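A short worksheet on the structure shown next.
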Amino acid sequence: MQTDFAMEVARQLPQLNAPRPERCGTLVRLVGLRLEARGIMAPIGSCCDISTQDGQTIEAEVVGFNDKTLYLMPLTDPVGVAPGATVRVIKDMGSVCLGPELLGRVLDGRGEPLDGLPKPQCDTRLSLLGLPLNPMERGPIDRVLDVGVKAINGMMTLGRGQRVGLVAGSGVGKSVLLGMMARFTKADVVVIGLIGERGREVQAFIQESLGPEGLAKSVVIAAPANVSPVLRLKSAHMTHLVAEYFRDQGLNVLMLVDSLTRVAHAQREIGLAIGEPPTAKGYPPSVFALLPSLIERAGVGRHGHGSITAIYTVLAEGDDANDPIVDIARASLDGQVMLSRKLADAAHYPAIDLNGSISRVMQNLLPPEDLKLANKCRRLWSLYQQNQDLIQVGAYEAGSNPQLDEAIRLRESLEVFLRQDMHACEDEQSTRAHLREMLS
């Protein structure tokens, strides 16, 4: 049975199945990834078929217009398309069918199966863009989320409905940490968006990180780097829509998106193709509007009815912590986990650096004594990092700074606490006990 939220979304959708007169136009130009058609009228987001010389068709989406010219981007390579090809509108708005039948399935951004099984037969059809929630109707984040990772449970405790970024450069362990959280986090449903990453990681993530039991309560939306930017962007919207659907059923949803940066890249490709001006690092303005709107779709539902805890990986290109995408993600999210290449090079996994990592709702989730212990550990870690060079060359004289003496004494214990095998789960209670014992 649909809840009020799902029914409200459904009422705002056009009647996509109503009979419509065929609307056809002609392809007049191809510039890079942009197709231009004339003699056809269609709103932004419409799906079109374009005929090829061998009698086949390719699917494209309307992404812009100029006067009476429509700008389209194909969902596959436009091989076989020639000037004068017929363009026909087949659907006015991007929408997908949703239902519990999606659990255990691997799909693309259009809801088509990638796992070789028949297409799920679902009853509810909703727009990919969903429906914004009134911020005054959202429930509070007041319950701890156990993610099974000691460093996060102990030092930057997360809550149900929180939005968090895993920020790092390439090859530092973002995907491995994401897999650990997918396996260990206690949630009713897991929705995973693998967007713009390597194709081999899709199957590896499903087999190694999820396994048969994890996949049974999960929905995987995959759009590797070799697919159209339109399909990658659709996959990002569908990942959020599926999570919203299950949240609306009153369930606690864990949504993992790998990666938010690749979503920004897809929007950059589309924006530049239709003529948007480039700004910071070549990103057009639409990128900086898209990311906050996506992030705001996650969170606690109306009056605490269900929740979406969202974890986004964010690629810091060139290890630049001030990269434009990192900066806007940091400003829009409820916290971030910073991964350090220096720690990864030292085989310290997960390579979580407490400097810069923060959970903005932690103070609302923990009792004062546990919060005090966590903050003390963070201070000692930071103090040692600031004086590491002096300590290693022997320039620091013991007894000069009692706090630094304690940081030196506990350094090895802190490193052991922050390390964790990728197959070992550490629950929240045992993490707290370990933290108290270490500082006692």
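Ordering of the structure tokens sets the chain letters (A, B, ...); residue numbers start at 1 within each chain; ligands are numbered from 1 in the order shown.
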>> Run DSSP on the backbone and tell me which residues of region 28-233 of chain A come out as alpha helix (DSSP H); list them as a count of residues only.
In response: 33
> Excluding same-chain residues fewer than 3 positions from Ala289 (chain A), what lies within 12 Å of it counting only C-alpha atoms, as a PyMOL selection string?
Replying inline: chain A and resi 264+267-268+271+283-286+292-296+325+328-329+332
Wanna dump the region 211-277 of chain A-region 122-141 of chain A contacts at 10 Å for me, each residue with its shortest atom pair and the distance in Å to one decimal, counting only C-alpha atoms, ordered by chain and number, as a Markdown table?
| residue | atom | partner | partner_atom | distance |
| --- | --- | --- | --- | --- |
| A:Lys234 | CA | A:Leu128 | CA | 7.6 |
| A:Ser235 | CA | A:Leu128 | CA | 9.3 |
| A:Ala236 | CA | A:Leu128 | CA | 9.3 |
| A:His237 | CA | A:Leu128 | CA | 5.7 |
| A:Met238 | CA | A:Leu128 | CA | 5.8 |
| A:Thr239 | CA | A:Leu128 | CA | 9.1 |
| A:His240 | CA | A:Gly130 | CA | 8.4 |
| A:Leu241 | CA | A:Leu128 | CA | 6.1 |
| A:Val242 | CA | A:Leu128 | CA | 9.1 |
| A:Glu244 | CA | A:Gly130 | CA | 7.9 |
| A:Tyr245 | CA | A:Leu126 | CA | 9.1 |
>> Set the distance at 12 Å and use only C-alpha atoms: which residues neighbour Gly84 (chain A) once local chain neighbours fewer than 6 positions away are removed? I'd like the list as a PyMOL selection string.
In response: chain A and resi 24-30+35-39+50-53
>> Could you go through region 215-351 of chain A and tell me which residues DSSP, when run on the backbone, assigns to strand (DSSP E or B), listing them as an MDAnalysis selection string?
In response: chainID A and resid 218:223 252:258 299:300 302 307:315 335:339
>> So that I can see what lies close to Leu333 (chain A), please list as a PyMOL selection string the residues with an atom at most 7 Å from it, counting only C-alpha atoms and leaving out residues fewer than 3 positions away in the same chain.
In response: chain A and resi 163-165+329-330
Would you write out those residues with all heavy atoms, as an mmCIF file, in the first residue's frame?
data_model
loop_
_atom_site.group_PDB
_atom_site.id
_atom_site.type_symbol
_atom_site.label_atom_id
_atom_site.label_comp_id
_atom_site.auth_asym_id
_atom_site.auth_seq_id
_atom_site.Cartn_x
_atom_site.Cartn_y
_atom_site.Cartn_z
ATOM 1 N N ARG A 163 23.872 12.467 6.434
ATOM 2 C CA ARG A 163 24.519 12.441 5.105
ATOM 3 C C ARG A 163 26.011 12.695 5.311
ATOM 4 O O ARG A 163 26.387 13.720 5.875
ATOM 5 C CB ARG A 163 23.947 13.513 4.173
ATOM 6 C CG ARG A 163 22.506 13.298 3.745
ATOM 7 C CD ARG A 163 21.488 13.818 4.768
ATOM 8 N NE ARG A 163 21.732 15.190 5.138
ATOM 9 C CZ ARG A 163 21.171 16.243 4.520
ATOM 10 N NH1 ARG A 163 20.346 16.049 3.516
ATOM 11 N NH2 ARG A 163 21.408 17.487 4.918
ATOM 12 N N VAL A 164 26.851 11.749 4.848
ATOM 13 C CA VAL A 164 28.283 11.790 5.129
ATOM 14 C C VAL A 164 29.066 11.576 3.843
ATOM 15 O O VAL A 164 28.634 10.836 2.960
ATOM 16 C CB VAL A 164 28.665 10.695 6.154
ATOM 17 C CG1 VAL A 164 30.139 10.798 6.532
ATOM 18 C CG2 VAL A 164 27.808 10.796 7.394
ATOM 19 N N GLY A 165 30.227 12.210 3.740
ATOM 20 C CA GLY A 165 31.110 12.012 2.604
ATOM 21 C C GLY A 165 32.376 11.282 3.005
ATOM 22 O O GLY A 165 32.944 11.553 4.065
ATOM 23 N N ALA A 329 30.569 19.556 -1.372
ATOM 24 C CA ALA A 329 30.091 18.396 -0.621
ATOM 25 C C ALA A 329 30.260 18.621 0.875
ATOM 26 O O ALA A 329 29.363 18.333 1.667
ATOM 27 C CB ALA A 329 30.850 17.139 -1.067
ATOM 28 N N ARG A 330 31.398 19.169 1.257
ATOM 29 C CA ARG A 330 31.665 19.429 2.677
ATOM 30 C C ARG A 330 30.654 20.423 3.237
ATOM 31 O O ARG A 330 30.225 20.321 4.392
ATOM 32 C CB ARG A 330 33.095 19.943 2.823
ATOM 33 C CG ARG A 330 33.617 20.018 4.223
ATOM 34 C CD ARG A 330 35.133 20.130 4.236
ATOM 35 N NE ARG A 330 35.601 21.105 3.238
ATOM 36 C CZ ARG A 330 36.758 21.014 2.612
ATOM 37 N NH1 ARG A 330 37.568 19.999 2.849
ATOM 38 N NH2 ARG A 330 37.122 21.934 1.738
#
>> Need the shell around Leu103 (chain A): protein/DNA/RNA residues with any atom at most 7 Å away, counting only C-alpha atoms. Skip same-chain ones fewer than 4 positions apart. Format as number ranges by chain?
In response: A: 216-219
Now that the selection is made, can you save its residues with C-alpha atoms as a PDB file, in the first residue's frame?
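Heads up, here's the output in selection_22.pdb:
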ATOM      1  CA  ALA A 216      18.939 -10.094  -0.826  1.00  0.00           C
ATOM      2  CA  LYS A 217      18.135  -6.861   1.065  1.00  0.00           C
ATOM      3  CA  SER A 218      19.846  -4.544  -1.419  1.00  0.00           C
ATOM      4  CA  VAL A 219      19.119  -2.756  -4.690  1.00  0.00           C
TER       5      VAL A 219
END
Could you build a table of the residues in region 150-173 of chain A lying no more than 10 Å from region 418-440 of chain A, giving for each the nearest pair of atoms and their separation in Å rounded to one decimal place, using only C-alpha atoms, ordered by chain and ascending residue number, as JSON lines?
{"residue": "A:Lys150", "atom": "CA", "partner": "A:Thr431", "partner_atom": "CA", "distance": 5.7}
{"residue": "A:Ala151", "atom": "CA", "partner": "A:Leu418", "partner_atom": "CA", "distance": 5.0}
{"residue": "A:Ile152", "atom": "CA", "partner": "A:Leu418", "partner_atom": "CA", "distance": 8.8}
{"residue": "A:Asn153", "atom": "CA", "partner": "A:Glu428", "partner_atom": "CA", "distance": 5.8}
{"residue": "A:Gly154", "atom": "CA", "partner": "A:Thr431", "partner_atom": "CA", "distance": 6.1}
{"residue": "A:Met155", "atom": "CA", "partner": "A:Leu418", "partner_atom": "CA", "distance": 9.3}
{"residue": "A:Thr157", "atom": "CA", "partner": "A:Glu428", "partner_atom": "CA", "distance": 9.0}
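As for CA of Val361 (chain A) and CA of Asp334 (chain A), they are spaced 7.2 Å apart.
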> Of the residues A:Thr86, A:Gln56, A:Ser359, A:Gln388, which is the one nearest to Asn375 (chain A), using only C-alpha atoms?
Replying inline: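 Comparing A:Thr86, A:Gln56, A:Ser359, A:Gln388 against Asn375 (chain A), the winner is A:Ser359.
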>> I'd like the contact shell of Ser382 (chain A) - 9 Å cut-off, only C-alpha atoms, skipping same-chain residues fewer than 5 positions apart - returned as number ranges by chain.
In response: A: 354-355, 377, 387, 407
Store the residues picked out above in a file with C-alpha atoms, as a PDB file, in the first residue's frame.
ATOM      1  CA  LEU A 354      40.988  12.275  12.397  1.00  0.00           C
ATOM      2  CA  ASN A 355      42.241  15.690  11.279  1.00  0.00           C
ATOM      3  CA  CYS A 377      41.394  10.972  21.572  1.00  0.00           C
ATOM      4  CA  ASN A 387      54.781  17.679  16.767  1.00  0.00           C
ATOM      5  CA  ALA A 407      49.859  11.658  23.232  1.00  0.00           C
TER       6      ALA A 407
END
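Minimum atom-to-atom distance to Thr76 (chain A), evaluated using only C-alpha atoms, belongs to A:Leu33 out of A:Leu315, A:Val144, A:Val220, A:Leu33.
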>> So the first atom is CA of Glu317 (chain A) and the second is CA of Gly169 (chain A); what is the distance between them in Å, to one decimal place?
In response: 5.8 Å
>> Under the rule that only C-alpha atoms are counted, which of A:Gly171, A:Pro229, A:Gly301, A:Gly111 is the nearest residue to Asn252 (chain A)?
In response: A:Gly301
> Excluding same-chain residues fewer than 4 positions from Glu269 (chain A), what lies within 12 Å of it counting only C-alpha atoms, as a PyMOL selection string?
Replying inline: chain A and resi 32-34+63+73+228-233+262-265+273-278+282-284+286-287
> So which one's closest to Glu59 (chain A), A:Asp370, A:Pro43, A:Asn401, A:Arg88? Using only C-alpha atoms, please.
Replying inline: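 Among A:Asp370, A:Pro43, A:Asn401, A:Arg88, it is A:Arg88 that comes nearest to Glu59 (chain A).
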> Hey, which of A:Val176, A:Ala204, A:Leu98, A:Ala346 ends up closest to Asp248 (chain A)? Count only C-alpha atoms.
Replying inline: A:Leu98
> Could you state the separation of CA of Asp320 (chain A) and CA of Ile352 (chain A) in Å, given to one decimal place?
Replying inline: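 Separating CA of Asp320 (chain A) from CA of Ile352 (chain A) is a distance of 16.2 Å.
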> Which one of A:Leu114, A:Gly211, A:Ser46, A:Asp108 sits closest to Lys91 (chain A) if you count only C-alpha atoms?
Replying inline: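 That would be A:Ser46, the residue with the smallest distance to Lys91 (chain A).
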